[in-house]
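Notes follow the structure.
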Amino acid sequence: MEEFVTLTYNGSEIKLPVVIGTEGEKAIDITNLRSETGFITLDPGYANTGSCTSAITFMDGEKGILRYRGIPVEQLAENATFKETAYLLIHGRLPNRDELTQFSIMLNDNSLVHTDMKAFYQNFPRASHPMGILSSMVNAMRSFYPILENESEKEEITLTMTRLLAKVRTMAAMSYKISRGHELVLPRPDLTYCENFLNMMFETPVKPYEINRAAVNALRVFWILHADHEQNCSTSAVRVVGSARVNLYAAISSGISALWGPLHGGANQAVIEMLTEIQEDGGNFNKYIEKAKDKKDPFRMMGFGHRVYKTYDPRAKIMKKMCDELLESMNIKDPLLDIAKELEEVATKDPYFVDHNLYPNIDFYSGIVLRAIGIPTNMFTVMFAIGRLPGWIAQWKESMDDPKWKICRPRQVYTGNTAFDFVPIHARR
Ligand code: CMC
């Protein structure tokens with residue numbers, strides 16, 4: 001039976017339908033609010049606003065639950081490959097053997113990057129941040145891979161999605177090699193998605209890269225944990241920009257730009273910088289806890305807090321465990337891990353952090369994992385972007401398939417000057 005809420009204003013009433021999701025989440029459908037009452041809603045940061053219905057990812061911030069297409073992320077981290085997870089997110093179900101083989105062939109066939117794109121890389125100033133470069137390169141892909149007239153729209157979309165998944169990984173490794181002044185290493189058909197990335201990053205003509213099982217596994221889990229997170233800032237950017245019906249490359253490029261921010265994906269780099277600063281400051285983490293609590297100090301405890309999770313981020317739990325296992329199997333002693341654990345121990349007992357529901361999020365331990373694998377700090381957010389790519393693509397595809405999806409165009413409450421007449425320059429004060 002359809003449910004409604006009733007809004008009363010100035011003696012008149014309007015009935016607004018209630019929408020209930022498959023996990024019992026409730027929303028008030030305000031589609032007709034403005035046309036029937038003249039009102040809009042005001043919700044800074046969209047904290048109470050559902051921008052869409054979606055069947056991709058479910059998260060419960062109070063219970064610390066995250067599922068992709070219904071499957072708990074813990075099970076995927078334990079059993080799935082990143083490729084299977086990408087397929088699951090984009091197509092809505094796990095691939096069977098034939099589908100996975102077909103998908104692997106397509107990824108392999110599309111993994112090379114147009115050689116002319118190399119010149120782009122070489123002309124960026126050396127100090128450029130890899131996220132800025134990646135965002136520009138992905139946008140530029142449209143020029144290198146224009147629409148193929150003979151393909152159907154469905155084939156074209158499949159090809160574009162595959163190109164992104166296959167080439168962004170190659171492009172990320174390319175940017176690292178070029179930043180070091182090294183020869184590029186091309187993808188190999190005999191390696192898995194994760195192995196290939198590590199090989200393209202670390203193989204050199206004088207030192208062949210030996211596949212390290214623990215590093216490959218850590219990268220697999222890292223990418224699976226980042227693969228989607230419903231309507232976060234970068235995903236919303238992809239959906240909003242995509243709603244103008246731009247091409248997929250441009251929409252993904254905007255997602256990469258949004259992810260760059262330190263309050264979002266850039267937090268993984270910011271956490272390592274913060275932990276390093278604490279280390280250089282004699283390991284005095286209590287000072288930083290106090291700074292984070294001081295409202296006059298703009299400092300925030302990076303890797304702590306989340307808009308949706310009001311408990312421990314389930315991804316952070318897996319990441320922390322993996323971090324311990326990885327460092328042990330690679331025989332690495334990282335002093336930043338000790339600082340991170342001490343910081344967590346004290347912070348999670350501190351009344352400010354408890355009252356504000358501030359727990360470690362995925363970025364708190366992920367940087368230490370990436371450091372152990374050998375990824376340079378300024379590439380951390382690029383690693384997040386490669387992982388988030390299947391989610392962005394799946395969310396873009398879902399919005400394009402949604403008959404109700406319109407161009408995103410929020411309203412505002414204007415608070416500026418009321419009308420006044422133009423003043424000629426000679427009469428201005
Ligand atoms: N350190 C200190 N205080 C904090 C922190 C923090 N990391 N995060 C939130 N607070 C306080 C904030 O000062 C405010 O206090 P009060 O109500 O007393 O004024 C309260 O908690 C609510 O903060 P908010 O900024 O309104 O919360 P939000 O939901 O808008 O922001 C957040 C969420 C993730 C941006 C924020 O927690 C933050 O800045 N965290 C640090 C950056 C970070 O780790 N980002 C990665 C997020 S997970 C990866 C991803 O998916 O993007």
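By order in the structure tokens, chains are A, B, ...; within a chain, residues start at 1; ligands start at 1, following the order shown.
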Residue contacts of Ala127 in chain A (12 Å, only C-alpha atoms) excluding same-chain residues fewer than 6 positions away, as a list in words: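 Returned residues: Tyr121, Ile133, Ser175, Ile178, Ser179, Arg180 and Asn378 of chain A.
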Test item: residues no farther than 9 Å from ligand 1, counting only C-alpha atoms and all ligand atoms, as an MDAnalysis selection string: chainID A and resid 45 47 226 229 232:234 259 261:268 270:271 289 291:295 298:309 313 352:353 355:364
Output of the above residues as a PDB file, in the first residue's frame, restricted to C-alpha atoms:
```pdb
ATOM      1  CA  GLY A  45      25.937  19.456   1.534  1.00  0.00           C
ATOM      2  CA  ALA A  47      23.142  15.478   3.899  1.00  0.00           C
ATOM      3  CA  HIS A 226      37.396   1.299  -3.149  1.00  0.00           C
ATOM      4  CA  HIS A 229      30.493   3.838  -2.249  1.00  0.00           C
ATOM      5  CA  ASN A 232      29.730  10.150  -2.523  1.00  0.00           C
ATOM      6  CA  CYS A 233      31.158  13.449  -3.785  1.00  0.00           C
ATOM      7  CA  SER A 234      33.012  12.130  -6.863  1.00  0.00           C
ATOM      8  CA  LEU A 259      38.198  12.703  -5.734  1.00  0.00           C
ATOM      9  CA  GLY A 261      40.175  16.803  -2.658  1.00  0.00           C
ATOM     10  CA  PRO A 262      41.673  16.055   0.780  1.00  0.00           C
ATOM     11  CA  LEU A 263      38.220  15.693   2.345  1.00  0.00           C
ATOM     12  CA  HIS A 264      37.528  12.886  -0.139  1.00  0.00           C
ATOM     13  CA  GLY A 265      40.039  10.558  -1.880  1.00  0.00           C
ATOM     14  CA  GLY A 266      42.959  12.916  -1.309  1.00  0.00           C
ATOM     15  CA  ALA A 267      42.726  11.966   2.377  1.00  0.00           C
ATOM     16  CA  ASN A 268      44.913   8.874   1.810  1.00  0.00           C
ATOM     17  CA  ALA A 270      46.958  13.602   3.596  1.00  0.00           C
ATOM     18  CA  VAL A 271      47.007  10.828   6.240  1.00  0.00           C
ATOM     19  CA  ILE A 289      44.435  15.022  18.943  1.00  0.00           C
ATOM     20  CA  LYS A 291      44.597  20.280  17.617  1.00  0.00           C
ATOM     21  CA  ALA A 292      41.799  18.268  15.963  1.00  0.00           C
ATOM     22  CA  LYS A 293      39.475  19.095  18.878  1.00  0.00           C
ATOM     23  CA  ASP A 294      40.325  22.806  18.912  1.00  0.00           C
ATOM     24  CA  LYS A 295      37.613  24.662  16.986  1.00  0.00           C
ATOM     25  CA  PRO A 298      41.589  24.348  11.070  1.00  0.00           C
ATOM     26  CA  PHE A 299      43.481  21.059  11.519  1.00  0.00           C
ATOM     27  CA  ARG A 300      41.401  17.886  11.137  1.00  0.00           C
ATOM     28  CA  MET A 301      42.411  14.359  11.980  1.00  0.00           C
ATOM     29  CA  MET A 302      42.830  12.995   8.475  1.00  0.00           C
ATOM     30  CA  GLY A 303      41.478   9.477   7.934  1.00  0.00           C
ATOM     31  CA  PHE A 304      38.882  10.013  10.669  1.00  0.00           C
ATOM     32  CA  GLY A 305      35.160  10.665  10.306  1.00  0.00           C
ATOM     33  CA  HIS A 306      32.675  10.037   7.551  1.00  0.00           C
ATOM     34  CA  ARG A 307      29.437  11.595   6.368  1.00  0.00           C
ATOM     35  CA  VAL A 308      27.593   8.260   6.439  1.00  0.00           C
ATOM     36  CA  TYR A 309      29.518   5.949   8.804  1.00  0.00           C
ATOM     37  CA  ASP A 313      34.146   2.046   8.506  1.00  0.00           C
ATOM     38  CA  TYR A 352      35.288  14.454  21.522  1.00  0.00           C
ATOM     39  CA  PHE A 353      35.850  11.666  19.007  1.00  0.00           C
ATOM     40  CA  ASP A 355      30.601  12.154  20.822  1.00  0.00           C
ATOM     41  CA  HIS A 356      31.251  13.156  17.194  1.00  0.00           C
ATOM     42  CA  ASN A 357      31.254   9.504  16.024  1.00  0.00           C
ATOM     43  CA  LEU A 358      34.739   9.889  14.600  1.00  0.00           C
ATOM     44  CA  TYR A 359      36.302   6.529  13.750  1.00  0.00           C
ATOM     45  CA  PRO A 360      39.030   5.610  11.274  1.00  0.00           C
ATOM     46  CA  ASN A 361      37.811   5.575   7.682  1.00  0.00           C
ATOM     47  CA  ILE A 362      39.261   3.630   4.744  1.00  0.00           C
ATOM     48  CA  ASP A 363      42.055   6.169   4.226  1.00  0.00           C
ATOM     49  CA  PHE A 364      43.532   5.817   7.680  1.00  0.00           C
TER      50      PHE A 364
END
```
Selection: 9 Å around range 92-96 of chain A, only C-alpha atoms, excl. self and same-chain fewer than 3 positions, as a ChimeraX atom specification: /A:55-56,68-69,84-85,87-89,99-101,103,394
Exercise: Met117 in chain A partners within 12 Å, only C-alpha atoms, chain neighbours under 6 positions left out, as number ranges by chain: A: 123-124, 133-134, 136-145, 167, 170-171, 174-175
Could you save the residues just selected, with all heavy atoms, as a compact mmCIF listing (two decimals), in the first residue's frame?
```txt
# COMPACT_ATOMS: atom_id res chain seq x y z
N ASN A 123 54.83 16.89 -21.51
CA ASN A 123 54.79 18.35 -21.49
C ASN A 123 54.15 18.95 -20.23
O ASN A 123 54.08 20.16 -20.10
CB ASN A 123 54.10 18.86 -22.75
CG ASN A 123 55.02 18.64 -23.95
OD1 ASN A 123 56.20 18.96 -23.90
ND2 ASN A 123 54.50 18.02 -24.99
N PHE A 124 53.68 18.10 -19.34
CA PHE A 124 53.20 18.63 -18.06
C PHE A 124 54.41 19.05 -17.24
O PHE A 124 55.44 18.36 -17.25
CB PHE A 124 52.44 17.56 -17.27
CG PHE A 124 50.99 17.46 -17.63
CD1 PHE A 124 50.52 16.43 -18.43
CD2 PHE A 124 50.08 18.40 -17.15
CE1 PHE A 124 49.18 16.34 -18.76
CE2 PHE A 124 48.74 18.31 -17.47
CZ PHE A 124 48.29 17.29 -18.28
N ILE A 133 46.90 15.43 -13.75
CA ILE A 133 47.30 14.85 -15.04
C ILE A 133 46.27 13.79 -15.47
O ILE A 133 45.80 13.80 -16.61
CB ILE A 133 48.71 14.23 -14.95
CG1 ILE A 133 49.74 15.30 -14.57
CG2 ILE A 133 49.09 13.53 -16.26
CD1 ILE A 133 51.16 14.79 -14.42
N LEU A 134 45.90 12.92 -14.53
CA LEU A 134 44.97 11.84 -14.88
C LEU A 134 43.62 12.40 -15.34
O LEU A 134 43.06 11.94 -16.35
CB LEU A 134 44.78 10.90 -13.68
CG LEU A 134 43.99 9.63 -13.99
CD1 LEU A 134 44.76 8.71 -14.95
CD2 LEU A 134 43.66 8.85 -12.71
N SER A 136 43.03 15.27 -16.73
CA SER A 136 43.17 15.85 -18.07
C SER A 136 43.29 14.76 -19.13
O SER A 136 42.69 14.86 -20.21
CB SER A 136 44.43 16.72 -18.16
OG SER A 136 44.54 17.54 -17.06
N MET A 137 44.06 13.73 -18.82
CA MET A 137 44.27 12.66 -19.80
C MET A 137 42.97 11.91 -20.11
O MET A 137 42.71 11.56 -21.26
CB MET A 137 45.31 11.65 -19.28
CG MET A 137 46.69 12.23 -19.07
SD MET A 137 47.40 12.90 -20.57
CE MET A 137 47.91 11.44 -21.36
N VAL A 138 42.18 11.67 -19.07
CA VAL A 138 40.92 10.94 -19.28
C VAL A 138 39.98 11.79 -20.14
O VAL A 138 39.32 11.28 -21.06
CB VAL A 138 40.29 10.52 -17.93
CG1 VAL A 138 38.86 10.04 -18.12
CG2 VAL A 138 41.12 9.43 -17.28
N ASN A 139 39.95 13.09 -19.89
CA ASN A 139 39.12 13.97 -20.70
C ASN A 139 39.61 13.96 -22.16
O ASN A 139 38.83 13.95 -23.11
CB ASN A 139 39.17 15.39 -20.13
CG ASN A 139 37.86 16.13 -20.34
OD1 ASN A 139 37.04 15.70 -21.15
ND2 ASN A 139 37.67 17.21 -19.63
N ALA A 140 40.96 13.94 -22.30
CA ALA A 140 41.55 13.95 -23.65
C ALA A 140 41.28 12.64 -24.41
O ALA A 140 41.38 12.61 -25.65
CB ALA A 140 43.06 14.18 -23.55
N MET A 141 40.92 11.60 -23.69
CA MET A 141 40.69 10.30 -24.38
C MET A 141 39.62 10.42 -25.46
O MET A 141 39.65 9.71 -26.46
CB MET A 141 40.29 9.22 -23.37
CG MET A 141 41.48 8.62 -22.63
SD MET A 141 40.97 7.48 -21.34
CE MET A 141 40.57 6.03 -22.30
N ARG A 142 38.66 11.33 -25.25
CA ARG A 142 37.60 11.49 -26.25
C ARG A 142 38.17 11.87 -27.62
O ARG A 142 37.66 11.46 -28.66
CB ARG A 142 36.61 12.56 -25.78
CG ARG A 142 35.43 12.74 -26.70
CD ARG A 142 34.83 11.42 -27.00
NE ARG A 142 33.46 11.48 -27.39
CZ ARG A 142 32.69 10.41 -27.38
NH1 ARG A 142 33.15 9.26 -26.96
NH2 ARG A 142 31.46 10.49 -27.80
N SER A 143 39.25 12.67 -27.62
CA SER A 143 39.85 13.08 -28.90
C SER A 143 40.59 11.92 -29.54
O SER A 143 40.62 11.79 -30.77
CB SER A 143 40.85 14.21 -28.67
OG SER A 143 40.27 15.21 -27.91
N PHE A 144 41.18 11.07 -28.70
CA PHE A 144 41.95 9.95 -29.25
C PHE A 144 41.06 8.76 -29.60
O PHE A 144 41.40 7.95 -30.45
CB PHE A 144 43.02 9.52 -28.24
CG PHE A 144 44.15 10.51 -28.15
CD1 PHE A 144 44.10 11.58 -27.27
CD2 PHE A 144 45.25 10.39 -28.99
CE1 PHE A 144 45.12 12.50 -27.21
CE2 PHE A 144 46.28 11.32 -28.94
CZ PHE A 144 46.22 12.38 -28.04
N TYR A 145 39.95 8.65 -28.91
CA TYR A 145 39.03 7.53 -29.15
C TYR A 145 37.63 8.07 -29.42
O TYR A 145 36.73 7.96 -28.57
CB TYR A 145 39.03 6.56 -27.96
CG TYR A 145 40.42 6.08 -27.62
CD1 TYR A 145 41.13 6.65 -26.57
CD2 TYR A 145 41.04 5.09 -28.38
CE1 TYR A 145 42.43 6.24 -26.29
CE2 TYR A 145 42.33 4.68 -28.10
CZ TYR A 145 43.01 5.26 -27.05
OH TYR A 145 44.29 4.86 -26.77
N LYS A 167 42.64 1.21 -19.84
CA LYS A 167 43.68 2.21 -20.15
C LYS A 167 44.05 3.09 -18.95
O LYS A 167 45.19 3.53 -18.86
CB LYS A 167 43.23 3.11 -21.31
CG LYS A 167 43.15 2.36 -22.63
CD LYS A 167 42.85 3.32 -23.75
CE LYS A 167 42.26 2.62 -24.96
NZ LYS A 167 43.10 1.58 -25.55
N THR A 170 46.89 1.62 -17.24
CA THR A 170 48.14 1.80 -18.00
C THR A 170 48.61 3.25 -17.89
O THR A 170 49.80 3.52 -17.70
CB THR A 170 47.91 1.46 -19.50
OG1 THR A 170 47.28 0.18 -19.56
CG2 THR A 170 49.21 1.43 -20.28
N MET A 171 47.66 4.19 -17.98
CA MET A 171 48.01 5.61 -17.93
C MET A 171 48.59 5.99 -16.58
O MET A 171 49.53 6.80 -16.49
CB MET A 171 46.78 6.47 -18.25
CG MET A 171 46.51 6.53 -19.74
SD MET A 171 44.84 6.99 -20.24
CE MET A 171 44.50 8.33 -19.26
N MET A 174 52.07 4.78 -16.54
CA MET A 174 52.86 5.62 -17.45
C MET A 174 53.30 6.91 -16.76
O MET A 174 54.44 7.35 -16.88
CB MET A 174 51.99 6.03 -18.66
CG MET A 174 52.11 5.15 -19.86
SD MET A 174 50.83 5.62 -21.06
CE MET A 174 51.61 6.92 -21.95
N SER A 175 52.35 7.52 -16.03
CA SER A 175 52.68 8.81 -15.41
C SER A 175 53.80 8.63 -14.39
O SER A 175 54.67 9.48 -14.25
CB SER A 175 51.44 9.46 -14.78
OG SER A 175 51.01 8.70 -13.69
```
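With distances restricted to only C-alpha atoms, A:Glu398 is the closest residue to His91 in chain A from A:Glu398, A:Ser54, A:Asp297, A:Pro189.
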